[in-house]
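Each remark here refers to the structure printed beneath this line.
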Number of protein chains: 2
Amino acid sequence: MTILAHYLPILDWLGNYRKKDLSGDMIAGLIVTIMLVPQGMAYAMLAGLPPQVGLYASVLPLILYAIFGSSRTLAVGPVAMVSLMTASALSGLSGTDNQMAGALILALASGLMLLVMGIARLGFLVNFLSHPVISGFTSAAALIIGFSQLKHLLGMEIPRSHLITNIIEHVMREAESANVVTVALSVGLVALLLLWRGPGGRVLLHVGMSPAWVGPLAKAGPLAVVILGAGLVWLFRLDINAGVKIVGEIPAGLPSLHLQGIDMALAQELLPAAALIALVGFVESVSVAKALASKRRQKIDADQELRALGVANIGAAFTGGYPVTGGFSRSMVNFTAGANTGLAAIITALLIALTLAFLTPLFHYLPKAALAAIIVVAVSGLVDFRSLFRTWRYNGLDGFSQLATFAAVLALGIEIGIMIGAALAIAFYLWRTSRPHMAVVGRVGETEHFRNVLRHDVKTLPHVLALRVDENLYFANTRFLEDRMLAAVADHKNIEHLVLICSAINFIDASALESLENTVRALSETGVTVHLAEVKGPVMDKLEKSDFLKHLGEGEVFLSTHEAIKKLDRPHDTGPVI
Amino acid sequence: MTILAHYLPILDWLGNYRKKDLSGDMIAGLIVTIMLVPQGMAYAMLAGLPPQVGLYASVLPLILYAIFGSSRTLAVGPVAMVSLMTASALSGLSGTDNQMAGALILALASGLMLLVMGIARLGFLVNFLSHPVISGFTSAAALIIGFSQLKHLLGMEIPRSHLITNIIEHVMREAESANVVTVALSVGLVALLLLWRGPGGRVLLHVGMSPAWVGPLAKAGPLAVVILGAGLVWLFRLDINAGVKIVGEIPAGLPSLHLQGIDMALAQELLPAAALIALVGFVESVSVAKALASKRRQKIDADQELRALGVANIGAAFTGGYPVTGGFSRSMVNFTAGANTGLAAIITALLIALTLAFLTPLFHYLPKAALAAIIVVAVSGLVDFRSLFRTWRYNGLDGFSQLATFAAVLALGIEIGIMIGAALAIAFYLWRTSRPHMAVVGRVGETEHFRNVLRHDVKTLPHVLALRVDENLYFANTRFLEDRMLAAVADHKNIEHLVLICSAINFIDASALESLENTVRALSETGVTVHLAEVKGPVMDKLEKSDFLKHLGEGEVFLSTHEAIKKLDRPHDTGPVI
């Protein structure tokens with residue numbers, strides 16, 4: 001692969017395009033379109049934006065990702081989490097025009113951030129969102145998304161709130177203001193989606209339909225709901241006769257390539273939200289991309305993914321869209337429907353463009369309840385309490401950070417919630433490494449093996465203490481190490497030599513080095529000489545650059561614990577007895 | 001030691017008090033008083049408070065620390081860093097009364113926080129300020145302190161600013177407004193202090209004075225400066241004749257035990273500053289206490305130190321003082337002057353009380369320039385660029401966080417600066433552990449040792465890849481590990497078995513577990529079986545609580561790499577060749 005192809009992966013797959021890949025790409029492109037048209041409109045509504053914005057975000061970004069992305073099968077476009085975060089970021093703005101302007105700023109800012117991070121090779125930053133934090137966040141966000149759609153499902157006004165309790169309370173109090181026809185429509189459409197997704201496919205297989213047809217058909221539930229919903233409203237004029245809220249006029253035509261003037265004050269205000277959207281979007285996208293690539297022994301380059309998503313979002317900003325990323329369910333569908341290259345995504349983009357050019361009048365009578373039903377069913381699988389129990393059982397601290405993220409997102413909002421979760425996970429990790437496991441070791445039988453005196457029957461020397469530290473030495477555990485070394489010496493009044501076994505130490509930072517120097521000095525003042533054993537090469541290189549070895553004084557650095565004990569066991573080497 | 005004596009260390013040393021300890025305690029108590037009277041007043045001035053506040057803070061807090069503190073020789077009282085932080089926290093308040101009320105709130109709030117942290121055993125929290133960060137902070141704070149005293153040294157008005165450049169600029173512009181007599185006095189007193197501290201002691205020894213007298217005398221420089229400064233002003237009435245600023249009326253008498261009404265709005269505003277004062281004060285104090293205790297093979301209990309400093313600060317709040325902590329230089333003096341128990345501190349407290357009761361009129365003519373001279377000379381040794389170079393040479397990331405803390409404190413202020421430094425140090429640590437060292441290993445000769453194929457001449461099997469990971473597996477390095485495992489397999493097309501050697505893995509968190517499960521699944525789909533070797537006991541216990549071992553499928557957990565390779569080398573155990 002040439003350097004150019006590394007930055008433009010399309011050169012790699014388009015140059016080597018095989019005819020046999022074409023049918024898979026075409027079928028996958030079509031099926032994803034069938035999912036994306038209703039989902040794009042639904043997620044735009046979730047983000048508080050007009051439905052066509054979701055379709056605008058499904059043309060150019062897909063093409064740009066196909067050019068720059070290192071995944072062959074990732075399906076980029078509007079997704080639930082990012083739409084919710086967009087809604088939250090824009091909730092302070094009044095009026096659709098302001099919100100659309102804000103959405104463009106979010107797409108542009110998060111796109112630029114992703115691009116810059118990709119150029120600076122900062123892909124590793126996403127690692128700092130741990131799985132439990134992402135999982136807690138996803139469950140809570142799915143609940144918030146679900147409840148945010150209640151107003152559309154019930155056909156009643158509910159003041160926007162990030163607190164689910166507020167929404168429930170309002171619904172209970174104003175239950176009689178719900179629109180009965182809308183409620184009936186919602187219940188019917190949700191039931192249809194659930195049946196379609198669940199037993200529907202099995203029934204078709206049972207009546208003898210070919211699996212090649214059942215697969216794509218099973219993904220067409222949202223399209224069926226859109227057609228059925230719009231058909232019912234149009235047939236009975238439910239919008240006029242029963243007050244069912246509809247999507248209404250959608251401007252026909254492709255998005256034009258332009259960017260309206262940026263309100264810099266607004267941009268500054270939206271910057272933190274854009275950063276979080278970039279981060280969460282990237283984590284979702286790269287996780288899916290890696291999962292799919294590993295199934296075919298392909299590789300994903302995180303930094304190239306950052307650049308590709310960055311360009312895709314900048315593209316969204318220039319074509320009237322809003323922030324996009326690689327979504328889980330659509331990418332899975334794309335993959336299983338047979339997508340082989342980015343051509344599938346390009347086909348999807350062209351079909352969406354055709355939809356925008358010619359089919360928007362068909363969506364006029366689409367009830368908002370149908371879109372809400374699609375959203376609710378799509379996110380219902382994301383609320384995952386089993387994962388919480390599993391994490392908790394495996395590790396209490398991880399379980400706690402998952403639960404805390406979940407609770408914080410629900411109680412304090414998605415931005416603060418995810419930041420609290422990320423900070424907690426880091427704090428727990430630091431806490432864990434701040435009190436490393438240490439063991440006083442002794443010789444096992446006549447071997448060269450040294451093991452923990454508390455777990456094994458081992459031999460020790462009265463005047464030598466061998467202490468193994470099972471962690472890197474760094475600022476968070478220096479005091480602990482110091483305490484333990486001093487305490488070990490205070491507990492063994494007769495010892496003259498302390499051998500620190502460094503087999504599990506991969507680095508020693510400047511704090512730990514200073515602390516070690518102090519401890520060595522303090523121990524030498526009380527007549528104890530400190531030695532090191534089993535120091536790893538890179539650690540030794542660093543130590544030789546410092547004054548530490550001088551501080552050791554009569555202390556030595558031994559290759560192995562065995563050599564240290566062998567040498568210190570001989571009385572004429574132990575120095576004068578104090 | 002009984003439980004009661006653990007929480008009240010005074011019971012331990014007072015119950016076992018030996019007559020021979022008395023002379024050391026008395027001499028140390030006296031010498032520390034000689035240092036503390038001028039320093040207490042000087043640091044109160046640094047904090048922007050009237051001089052008597054520094055003396056009030058040197059009575060009850062010392063007695064309370066002697067009762068609760070686990071160090072026998074720590075000298076508690078006003079110190080430079082905490083005084084600077086107090087000044088910074090109170091800079092928004094106008095009027096001496098408001099500032100004194102704010103100082104009491106800071107003492108009370110930081111005291112309560114320390115006490116609660118001590119009861120909750122959160123002493124480990126201080127570990128998160130690394131040595132380079134503290135060192136960078138100290139150097140920058142010392143510079144800020146020095147420049148803050150320029151107005152007293154020059155006898156001119158300088159608007160308060162945390163930016164040294166502002167101060168320098170103002171001094172250059174308004175140089176002619178300096179008070180010449182004050183400048184002359186300052187220069188003389190600073191020179192006297194430097195000479196006294198440096199060559200002074202050597203001269204006295206040279207003329208034949210007993211070292212027993214020279215030691216204490218060498219510490220009396222500040223007292224000499226106070227006496228000389230006040231004497232000169234009084235003799236020539238420099239306050240009236242030359243406009244030299246003096247301390248003026250100091251109310252006589254002991255502080256009364258009371259606490260005025262707390263302004264809750266102000267308290268809330270000062271809370272973050274109080275937390276930082278508590279943290280920085282505790283770090284300084286516990287570092288000194290440990291350094292001194294280790295010299296005598298005594299132990300310091302960090303949690304008991306938190307409680308003792310908490311009670312001492314609450315005591316300061318109830319007696320008109322301001323935040324206190326254990327100071328470096330006075331504690332060193334206390335220790336070397338022969339202090340054996342907390343009685344030395346109690347003697348100091350009683351002597352300060354006598355000073356407050358009877359001697360305050362003597363300080364009326366004390367020029368503020370004399371106090372400023374004491375401050376400047378005291379902090380001059382804290383600006384430490386050599387430490388920066390040493391840290392940088394040892395480790396670039398640590399050096400960078402030291403320099404960044406230094407620069408951030410100077411440019412953005414002490415609170416933000418130290419927080420930026422602490423965050424950077426944590427980020428660097430996470431970054432370092434996020435890309436662990438990994439090595440493909442092979443057998444050394446005919447031994448049971450397995451070493452890095454890149455560094456050693458070793459034998460490997462064509463269908464088995466043995467990979468050693470030198471770091472705990474946690475969320476920040478899961479993706480890296482995943483990538484490396486998949487890349488290793490992609491690079492070795494013939495392998496059927498991947499043995500993950502876990503000898504340096506002390507824990508696997510929930511993120512890493514999930515990621516490992518995904519990787520195992522992905523590899524098994526491509527025909528590669530994953531095995532583990534040398535899993536530590538605690539890690540294995542956790543794995544057995546999870547489903548991970550089921551995910552391994554045909555993969556096994558081997559005790560050692562040797563056993564794994566031995567077993568996988570036999571063709572009839574490798575399973576069907578794919």
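Scheme for the structure tokens: letters A, B, ... for chains in order shown; per-chain residue numbers from 1; ligand numbers from 1 in order shown.
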
Distance cut-off 7 Å, counting only C-alpha atoms - which residues of chain B neighbour chain A? Return them as a VMD selection string.
chain B and resid 127 to 128 130 to 132 294 to 295 297 391 394 to 395 398 470 475 to 477 479 490 504 506 510 to 511 522 525 542 545 to 546

Please produce a file of those selected residues containing N, CA, C and O atoms, as a compact mmCIF listing (two decimals), in the first residue's frame.
```txt
# COMPACT_ATOMS: atom_id res chain seq x y z
N ASN B 127 -1.23 11.60 47.13
CA ASN B 127 -0.26 11.00 46.23
C ASN B 127 -0.41 11.52 44.82
O ASN B 127 0.47 11.37 44.00
N PHE B 128 -1.58 12.10 44.51
CA PHE B 128 -1.82 12.49 43.13
C PHE B 128 -1.18 13.81 42.77
O PHE B 128 -1.29 14.27 41.64
N SER B 130 2.27 14.91 42.05
CA SER B 130 3.58 14.29 41.85
C SER B 130 4.69 15.25 42.26
O SER B 130 4.49 16.46 42.35
N HIS B 131 5.89 14.72 42.50
CA HIS B 131 7.02 15.56 42.89
C HIS B 131 7.30 16.65 41.87
O HIS B 131 7.49 17.81 42.25
N PRO B 132 7.36 16.33 40.57
CA PRO B 132 7.64 17.42 39.62
C PRO B 132 6.60 18.53 39.68
O PRO B 132 6.94 19.70 39.58
N SER B 294 11.78 9.26 59.54
CA SER B 294 12.60 8.16 59.05
C SER B 294 14.02 8.25 59.60
O SER B 294 14.70 7.24 59.72
N LYS B 295 14.47 9.45 59.94
CA LYS B 295 15.81 9.59 60.49
C LYS B 295 15.93 8.89 61.84
O LYS B 295 17.02 8.56 62.29
N ARG B 297 13.86 6.17 62.63
CA ARG B 297 13.11 4.91 62.50
C ARG B 297 11.74 5.00 63.20
O ARG B 297 11.26 4.05 63.79
N THR B 391 15.17 16.65 36.55
CA THR B 391 13.98 15.89 36.19
C THR B 391 13.92 15.71 34.67
O THR B 391 13.63 14.63 34.18
N TYR B 394 16.21 13.07 33.40
CA TYR B 394 15.80 11.72 33.75
C TYR B 394 14.61 11.27 32.92
O TYR B 394 14.55 10.14 32.44
N ASN B 395 13.64 12.18 32.75
CA ASN B 395 12.41 11.78 32.08
C ASN B 395 11.72 12.99 31.48
O ASN B 395 11.25 13.87 32.20
N ASP B 398 8.07 13.88 32.73
CA ASP B 398 8.07 14.46 34.07
C ASP B 398 8.61 15.88 34.04
O ASP B 398 8.07 16.78 34.68
N ASP B 470 3.67 -6.30 28.95
CA ASP B 470 4.30 -5.79 30.16
C ASP B 470 3.49 -4.67 30.79
O ASP B 470 4.01 -3.57 31.05
N PHE B 475 -8.71 -0.03 30.67
CA PHE B 475 -9.41 0.60 29.55
C PHE B 475 -8.50 1.40 28.61
O PHE B 475 -8.73 1.43 27.42
N ALA B 476 -7.46 2.04 29.18
CA ALA B 476 -6.65 2.92 28.33
C ALA B 476 -5.76 2.15 27.37
O ALA B 476 -5.27 2.72 26.41
N ASN B 477 -5.51 0.87 27.62
CA ASN B 477 -4.66 0.15 26.67
C ASN B 477 -5.36 -1.03 25.99
O ASN B 477 -4.71 -1.79 25.29
N ARG B 479 -7.55 -1.07 23.51
CA ARG B 479 -7.56 -0.97 22.04
C ARG B 479 -6.18 -1.26 21.48
O ARG B 479 -6.03 -1.90 20.44
N ALA B 490 -2.15 -11.07 11.96
CA ALA B 490 -2.17 -10.73 10.54
C ALA B 490 -0.78 -10.83 9.93
O ALA B 490 -0.62 -11.18 8.76
N ALA B 504 3.43 -10.11 33.77
CA ALA B 504 3.52 -8.73 34.26
C ALA B 504 2.15 -8.08 34.40
O ALA B 504 2.04 -6.87 34.53
N ASN B 506 -0.99 -7.44 36.59
CA ASN B 506 -1.45 -7.52 37.98
C ASN B 506 -2.96 -7.41 38.10
O ASN B 506 -3.53 -7.78 39.11
N ALA B 510 -12.70 -4.49 33.63
CA ALA B 510 -13.85 -4.97 32.86
C ALA B 510 -13.73 -4.61 31.39
O ALA B 510 -14.12 -5.39 30.51
N SER B 511 -13.19 -3.42 31.07
CA SER B 511 -13.02 -3.03 29.67
C SER B 511 -12.08 -3.99 28.98
O SER B 511 -12.34 -4.45 27.85
N ALA B 522 -12.85 -12.92 17.67
CA ALA B 522 -12.44 -12.55 16.32
C ALA B 522 -11.34 -13.47 15.81
O ALA B 522 -11.36 -13.91 14.66
N GLU B 525 -12.58 -16.88 14.91
CA GLU B 525 -13.27 -16.89 13.61
C GLU B 525 -12.27 -17.00 12.46
O GLU B 525 -12.62 -17.41 11.36
N LYS B 542 -10.33 -13.60 39.52
CA LYS B 542 -11.31 -12.73 38.86
C LYS B 542 -11.83 -13.37 37.58
O LYS B 542 -13.02 -13.36 37.31
N LYS B 545 -14.47 -15.81 37.96
CA LYS B 545 -15.80 -15.27 38.29
C LYS B 545 -16.54 -14.84 37.02
O LYS B 545 -17.73 -14.58 37.06
N SER B 546 -15.83 -14.69 35.90
CA SER B 546 -16.45 -14.19 34.67
C SER B 546 -16.67 -15.35 33.70
O SER B 546 -16.36 -16.50 34.00
```

Among segment 480-551 of chain A, which ones does DSSP place in strand (DSSP E or B), written as a list in words?
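Everything in segment 480-551 of chain A that counts as strand (DSSP E or B) is His497, Leu498, Val499, Leu500, Ile501, Ile508, Thr529, Val530, His531, Leu532 and Ala533 of chain A.
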
Can you write just those residues out, N, CA, C and O atoms, as a tab-separated table (two decimals), in the first residue's frame?
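So out-v2.tsv came out as:
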```
chain	number	residue	atom	x	y	z
A	497	HIS	N	20.29	-5.75	54.99
A	497	HIS	CA	20.18	-5.59	53.54
A	497	HIS	C	18.72	-5.70	53.11
A	497	HIS	O	18.01	-6.60	53.55
A	498	LEU	N	18.32	-4.77	52.26
A	498	LEU	CA	16.98	-4.84	51.67
A	498	LEU	C	17.16	-4.99	50.17
A	498	LEU	O	17.76	-4.12	49.52
A	499	VAL	N	16.65	-6.12	49.61
A	499	VAL	CA	16.74	-6.32	48.16
A	499	VAL	C	15.37	-6.03	47.55
A	499	VAL	O	14.39	-6.69	47.88
A	500	LEU	N	15.34	-5.03	46.68
A	500	LEU	CA	14.08	-4.65	46.03
A	500	LEU	C	14.03	-5.37	44.68
A	500	LEU	O	14.85	-5.11	43.80
A	501	ILE	N	13.03	-6.27	44.51
A	501	ILE	CA	12.95	-7.07	43.28
A	501	ILE	C	12.07	-6.35	42.28
A	501	ILE	O	10.89	-6.08	42.55
A	508	ILE	N	9.96	3.75	36.22
A	508	ILE	CA	10.07	4.47	37.49
A	508	ILE	C	10.05	5.94	37.11
A	508	ILE	O	10.93	6.40	36.38
A	529	THR	N	21.40	-1.41	54.00
A	529	THR	CA	21.82	-1.15	52.62
A	529	THR	C	20.75	-1.67	51.66
A	529	THR	O	20.27	-2.79	51.82
A	530	VAL	N	20.37	-0.83	50.67
A	530	VAL	CA	19.36	-1.23	49.70
A	530	VAL	C	20.03	-1.73	48.42
A	530	VAL	O	20.97	-1.11	47.93
A	531	HIS	N	19.56	-2.87	47.91
A	531	HIS	CA	20.03	-3.41	46.64
A	531	HIS	C	18.84	-3.56	45.70
A	531	HIS	O	17.70	-3.64	46.15
A	532	LEU	N	19.14	-3.61	44.40
A	532	LEU	CA	18.08	-3.89	43.42
A	532	LEU	C	18.37	-5.22	42.75
A	532	LEU	O	19.54	-5.62	42.62
A	533	ALA	N	17.29	-5.89	42.28
A	533	ALA	CA	17.48	-7.13	41.53
A	533	ALA	C	16.46	-7.19	40.41
A	533	ALA	O	15.36	-6.63	40.52
```

Extract, using only C-alpha atoms, all DNA, RNA and protein residues at most 12 Å from segment 562-571 of chain B, discarding same-chain residues fewer than 5 positions from it, and format them as an MDAnalysis selection string.
chainID B and resid 441:444 446:451 459:467 495:501 529:534 554:557 576:577

Residues near Ser110 of chain B, anyone? I mean within 8 Å using only C-alpha atoms, not counting same-chain ones fewer than 6 positions away, as a PyMOL selection string.
chain B and resi 274-275+277-278+310+313+323

Keeping only N, CA and C atoms, write those residues as a CSV table (one decimal), in the first residue's frame.
```csv
chain,number,residue,atom,x,y,z
B,274,ALA,N,-10.1,26.5,49.8
B,274,ALA,CA,-9.9,25.8,51.1
B,274,ALA,C,-9.4,24.4,50.8
B,275,ALA,N,-10.0,23.8,49.8
B,275,ALA,CA,-9.7,22.4,49.4
B,275,ALA,C,-8.2,22.3,49.0
B,277,ILE,N,-5.8,24.5,49.7
B,277,ILE,CA,-5.0,24.8,50.8
B,277,ILE,C,-4.8,23.6,51.6
B,278,ALA,N,-5.9,22.9,51.9
B,278,ALA,CA,-5.8,21.7,52.7
B,278,ALA,C,-4.8,20.7,52.0
B,310,GLY,N,-6.2,18.8,60.6
B,310,GLY,CA,-7.6,19.2,60.6
B,310,GLY,C,-8.0,19.9,61.9
B,313,ASN,N,-6.2,23.2,62.4
B,313,ASN,CA,-6.8,24.3,61.6
B,313,ASN,C,-8.1,24.8,62.1
B,323,PRO,N,-5.1,29.6,58.0
B,323,PRO,CA,-4.7,28.2,57.8
B,323,PRO,C,-3.2,28.0,58.2
```
